[in-house]
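Here is the structure we will look at, set down as C-alpha cells.
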Amino acid sequence: MRRLLPSPDAAGSGAPGLSDAELLADAAAPAGTAPFVRFNMVSSIDGVGVLDGASGGLGTPADRRLFPLLRAVSDAIVVGSGTVRAEGYEGELLSPELRAWRTSRGLSKRPLTVVLSASASLPPQAPIFDSNPAPLVVIAAADAPTERVAALRDVAEVELLESVDPGGITAALTARGLRHLHHEGGPRVLRDYLAAGAVDSLCLTLSPILAPGRPGFGIDAPGGPAAPAWMDLHRLYEEDSTLLGDYRPREQHA
Ligand SMILES: NC(=O)c1ccc[n+]([C@@H]2O[C@H](COP(=O)([O-])OP(=O)(O)OC[C@H]3O[C@@H](n4cnc5c(N)ncnc54)[C@H](OP(=O)(O)O)[C@@H]3O)[C@@H](O)[C@H]2O)c1
C-alpha cells in the first residue's frame with residue numbers, strides 16, 4: 001500500500017510498503033478532548049455498498065488490511081442493527097496481534113461494541129450476543145417496546161436514550177469516557193449522521209469493481225434527500241487499484 005496524500009514528499013511514504021505501524025499512526029484521532037466520529041465504508045466505483053446482501057463482496061486485500069487497523073485505534077465500534085443482521089459480527093473483531101497492540105498502549109483489549117437499534121428490533125438470539133467477546137451495549141430509544149428491551153437486557157446491556165439522533169448517541173458514548181468513535185454503517189446510519197453534519201472522518205474504500213443495477217448508499221433510506229455536503233480529501237492510499245480515502249468535512253466551499 002502506498003500513500004498518495006498527503007503528498008509523498010511531505011509524508012515521505014510514496015513508495016509501496018507502508019507498515020501497519022504507519023497506518024495505525026495515520027488512523028489515530030486528532031489530539032484534543034472533543035469526540036471524533038469516524039465512519040468506514042466500502043463502495044464500488046459506481047457507488048454500490050451492498051453486493052449479494054453484504055459489503056464483504058466489495059472488499060479487497062487492501063480494504064481487509066486497513067479495516068481492522070481503523071478498528072484497533074478506536075474506543076468504540078458502532079454499528080446499525082441492519083448491518084449486524086446482514087453481517088453477523090460474531091466472534092473476535094480484532095486479531096490477537098491488534099489486541100496486544102492495544103494493551104501495550106494502555107487501551108482496553110477490545111473496543112466497546114455499540115449496536116444501534118432504536119426500536120430494539122434485534123432478536124436476542126442474534127449471534128453477536130453470545131459469540132462476540134467484546135463488551136457490548138445496545139442503544140435504543142426510550143420509547144422502544146418494553147418487551148423487546150427486556151428480552152435484549154437478558155443478553156446485553158441496553159442504554160435507552162430520549163434522543164437517538166447522532167448528537168444524542170455521541171453524547172451518551174462520550175459520557176462513558178469514549179472519544180474515538182468508529183462507525184461501520186450501515187448506509188442508513190451513515191445517512192443520518194451525514195444529514196446531521198455529525199461525521200468528522202469518512203474513510204471510504206473505493207474498490208475497483210462496477211456493480212450496475214444495484215442501489216447506492218442511502219438511496220432507499222427513509223426521510224428523503226439530505227443537503228449535500230462538501231468534503232476534503234485528508235488522506236489517500238492506493239494498492240492494486242483500490243483507493244482508500246479519508247474525507248473530512250470542508251468548513252466552507254468556495
Ligand atoms: N458498503 C459498506 O461499507 C457497508 C457497511 C455496512 C453495512 N453495509 C450493508 O448495508 C446493509 C445494512 O444497512 P442498512 O442501511 O439497511 O442498516 P443499518 O444502517 O446498518 O441499520 C439501520 C438500523 O439501525 C438502527 N438505527 C439507525 N439509526 C439509529 C439511531 N440514530 N439510533 C438508534 N438506532 C438507529 C435502526 O435499527 P432498528 O430497526 O433496530 O430500530 C435501523 O433500522 C447490509 O446489507 C450491510 O451488509 C454496507
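The way I read the labels, and the way they are meant: chains A, B, ... in the order of the C-alpha cells, residue 1 as the first residue of every chain, and ligand 1 as the first ligand shown, with later ones counted on from there.
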
Go through chain A residue by residue and, counting only C-alpha atoms and all ligand atoms, keep those with an atom at most 6 Å from ligand 1; for each kept residue give the shortest atom pair and its distance in Å to one decimal, ordered by chain and increasing number, as a tab-separated table.
```
residue	atom	partner	partner_atom_place_in_ligand_line	distance
A:Met41	CA	ligand 1	3 (O)	3.2
A:Val42	CA	ligand 1	3 (O)	3.8
A:Ser43	CA	ligand 1	1 (N)	5.3
A:Gly49	CA	ligand 1	1 (N)	3.5
A:Val50	CA	ligand 1	9 (C)	5.2
A:Gly53	CA	ligand 1	45 (O)	4.7
A:Ala54	CA	ligand 1	47 (O)	3.2
A:Ser55	CA	ligand 1	48 (C)	4.5
A:Gly80	CA	ligand 1	20 (O)	3.6
A:Ser81	CA	ligand 1	24 (O)	4.4
A:Gly82	CA	ligand 1	17 (O)	3.5
A:Thr83	CA	ligand 1	20 (O)	3.6
A:Ala86	CA	ligand 1	44 (C)	5.0
A:Glu87	CA	ligand 1	47 (O)	5.7
A:Leu116	CA	ligand 1	34 (N)	3.9
A:Ser117	CA	ligand 1	40 (O)	3.5
A:Ala118	CA	ligand 1	34 (N)	3.6
A:Ser119	CA	ligand 1	41 (O)	3.6
A:Ala120	CA	ligand 1	40 (O)	5.0
A:Ser121	CA	ligand 1	40 (O)	4.1
A:Leu122	CA	ligand 1	40 (O)	5.5
A:Ile139	CA	ligand 1	33 (C)	5.9
A:Ala140	CA	ligand 1	33 (C)	5.4
A:Val164	CA	ligand 1	32 (N)	4.3
A:Asp165	CA	ligand 1	31 (N)	4.4
A:Pro166	CA	ligand 1	31 (N)	5.5
A:Glu184	CA	ligand 1	6 (C)	5.4
A:Gly185	CA	ligand 1	6 (C)	4.2
A:Gly186	CA	ligand 1	19 (O)	3.3
A:Pro187	CA	ligand 1	15 (O)	3.9
A:Arg188	CA	ligand 1	15 (O)	3.6
A:Val189	CA	ligand 1	19 (O)	4.1
```

DSSP on the backbone, then: every residue of segment 37-216 of chain A marked strand (DSSP E or B), written as a ChimeraX atom specification.
/A:37-44,48,51,54,76-80,112-116,136-141,157-161,180-183,201-207,216

Using only C-alpha atoms, can you tell me which of A:Leu160, A:Leu210, A:Val199, A:Leu244 comes closest to Ala229 of chain A?
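Looking at the shortest contact to Ala229 of chain A, the residue is A:Val199.
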
Would you mind listing what lies within 10 Å of Asp26 of chain A as a ChimeraX atom specification, with only C-alpha atoms counted and same-chain residues fewer than 5 positions away left out?
/A:20-21,69-70,73,235

Any chance you can output those residues with N, CA and C atoms as a PDB file, in the first residue's frame?
```pdb
ATOM      1  N   ASP A  20       2.163  -1.475   9.055  1.00  0.00           N
ATOM      2  CA  ASP A  20       0.984  -1.350   9.915  1.00  0.00           C
ATOM      3  C   ASP A  20       1.190  -0.218  10.923  1.00  0.00           C
ATOM      4  N   ALA A  21       2.421  -0.075  11.421  1.00  0.00           N
ATOM      5  CA  ALA A  21       2.680   0.983  12.412  1.00  0.00           C
ATOM      6  C   ALA A  21       2.394   2.359  11.811  1.00  0.00           C
ATOM      7  N   LEU A  69      -7.307  -2.131  11.284  1.00  0.00           N
ATOM      8  CA  LEU A  69      -6.420  -1.139  11.904  1.00  0.00           C
ATOM      9  C   LEU A  69      -7.239   0.077  12.357  1.00  0.00           C
ATOM     10  N   LEU A  70      -8.227   0.449  11.547  1.00  0.00           N
ATOM     11  CA  LEU A  70      -9.098   1.556  11.946  1.00  0.00           C
ATOM     12  C   LEU A  70      -9.901   1.181  13.191  1.00  0.00           C
ATOM     13  N   VAL A  73      -7.642   1.394  16.617  1.00  0.00           N
ATOM     14  CA  VAL A  73      -7.306   2.671  17.267  1.00  0.00           C
ATOM     15  C   VAL A  73      -8.516   3.319  17.926  1.00  0.00           C
ATOM     16  N   ARG A 235      -6.607  12.231   3.386  1.00  0.00           N
ATOM     17  CA  ARG A 235      -5.568  11.215   3.199  1.00  0.00           C
ATOM     18  C   ARG A 235      -6.017  10.259   2.101  1.00  0.00           C
TER      19      ARG A 235
END
```

12 Å contact set for Leu173 of chain A, only C-alpha atoms, chain neighbours under 2 positions out, as a PyMOL selection string
chain A and resi 34-37+75-78+112-116+137-139+159+161+164+166-171+175-182

I need the residues from that last selection saved to file as a CSV table (one decimal), in the first residue's frame (with N, CA and C atoms), if you can.
```
chain,number,residue,atom,x,y,z
A,34,ALA,N,-12.4,16.6,22.2
A,34,ALA,CA,-13.7,16.5,21.5
A,34,ALA,C,-13.9,15.1,21.0
A,35,PRO,N,-15.1,14.6,20.9
A,35,PRO,CA,-15.3,13.3,20.3
A,35,PRO,C,-14.9,13.3,18.8
A,36,PHE,N,-14.4,12.2,18.4
A,36,PHE,CA,-14.0,12.1,17.0
A,36,PHE,C,-14.9,11.0,16.4
A,37,VAL,N,-15.7,11.4,15.4
A,37,VAL,CA,-16.7,10.4,14.8
A,37,VAL,C,-16.3,10.0,13.4
A,75,ASP,N,-12.1,3.7,20.4
A,75,ASP,CA,-12.6,3.4,21.7
A,75,ASP,C,-13.9,2.6,21.6
A,76,ALA,N,-14.7,2.8,20.5
A,76,ALA,CA,-15.9,2.0,20.3
A,76,ALA,C,-16.1,1.8,18.9
A,77,ILE,N,-16.7,0.6,18.6
A,77,ILE,CA,-17.1,0.2,17.2
A,77,ILE,C,-18.7,0.3,17.2
A,78,VAL,N,-19.2,1.2,16.4
A,78,VAL,CA,-20.6,1.5,16.4
A,78,VAL,C,-21.2,1.0,15.1
A,112,LEU,N,-15.3,-1.1,22.9
A,112,LEU,CA,-16.7,-1.4,23.2
A,112,LEU,C,-17.5,-1.6,21.8
A,113,THR,N,-18.3,-2.6,21.7
A,113,THR,CA,-19.2,-2.7,20.6
A,113,THR,C,-20.5,-2.1,20.9
A,114,VAL,N,-20.9,-1.2,20.0
A,114,VAL,CA,-22.2,-0.5,20.2
A,114,VAL,C,-23.1,-0.8,19.1
A,115,VAL,N,-24.3,-1.4,19.4
A,115,VAL,CA,-25.3,-1.7,18.4
A,115,VAL,C,-26.4,-0.7,18.4
A,116,LEU,N,-26.6,0.0,17.3
A,116,LEU,CA,-27.7,1.0,17.3
A,116,LEU,C,-29.0,0.2,16.9
A,137,VAL,N,-22.9,-2.8,24.1
A,137,VAL,CA,-24.1,-2.1,24.6
A,137,VAL,C,-25.0,-1.9,23.4
A,138,VAL,N,-26.3,-2.1,23.6
A,138,VAL,CA,-27.3,-1.8,22.6
A,138,VAL,C,-27.9,-0.4,22.9
A,139,ILE,N,-27.9,0.5,22.0
A,139,ILE,CA,-28.6,1.8,22.2
A,139,ILE,C,-29.9,1.8,21.5
A,159,GLU,N,-28.9,0.6,26.7
A,159,GLU,CA,-29.0,2.0,27.1
A,159,GLU,C,-30.1,2.7,26.3
A,161,LEU,N,-32.2,6.0,25.2
A,161,LEU,CA,-31.9,7.4,25.1
A,161,LEU,C,-33.2,8.1,24.7
A,164,VAL,N,-32.4,9.5,20.1
A,164,VAL,CA,-31.4,8.6,19.4
A,164,VAL,C,-30.9,9.2,18.1
A,166,PRO,N,-27.9,11.3,16.0
A,166,PRO,CA,-26.5,11.2,16.1
A,166,PRO,C,-25.9,12.0,17.3
A,167,GLY,N,-26.4,13.2,17.5
A,167,GLY,CA,-25.8,14.0,18.6
A,167,GLY,C,-26.1,13.3,20.0
A,168,GLY,N,-27.3,12.8,20.2
A,168,GLY,CA,-27.6,12.1,21.4
A,168,GLY,C,-26.7,10.9,21.6
A,169,ILE,N,-26.5,10.1,20.6
A,169,ILE,CA,-25.7,8.9,20.7
A,169,ILE,C,-24.3,9.2,21.0
A,170,THR,N,-23.7,10.2,20.3
A,170,THR,CA,-22.3,10.6,20.5
A,170,THR,C,-22.2,11.1,22.0
A,171,ALA,N,-23.2,11.9,22.4
A,171,ALA,CA,-23.1,12.4,23.8
A,171,ALA,C,-23.1,11.3,24.8
A,175,ALA,N,-20.1,10.4,27.3
A,175,ALA,CA,-20.3,10.3,28.8
A,175,ALA,C,-19.7,9.1,29.4
A,176,ARG,N,-19.5,8.0,28.6
A,176,ARG,CA,-18.8,6.8,29.1
A,176,ARG,C,-17.3,6.9,29.1
A,177,GLY,N,-16.8,8.1,28.7
A,177,GLY,CA,-15.4,8.3,28.6
A,177,GLY,C,-14.8,7.9,27.3
A,178,LEU,N,-15.6,7.6,26.2
A,178,LEU,CA,-15.2,7.2,24.9
A,178,LEU,C,-15.0,8.4,24.0
A,179,ARG,N,-14.0,8.4,23.2
A,179,ARG,CA,-13.7,9.6,22.4
A,179,ARG,C,-13.7,9.3,20.9
A,180,HIS,N,-12.9,8.3,20.6
A,180,HIS,CA,-12.7,7.9,19.2
A,180,HIS,C,-13.8,6.9,18.8
A,181,LEU,N,-14.8,7.3,18.1
A,181,LEU,CA,-16.0,6.5,17.9
A,181,LEU,C,-16.0,6.1,16.4
A,182,HIS,N,-15.8,4.8,16.2
A,182,HIS,CA,-15.6,4.2,14.8
A,182,HIS,C,-16.9,3.6,14.4
```

DSSP alpha helix (DSSP H) selection over segment 65-123 of chain A, as a ChimeraX atom specification:
/A:65-72,81-87,96-104
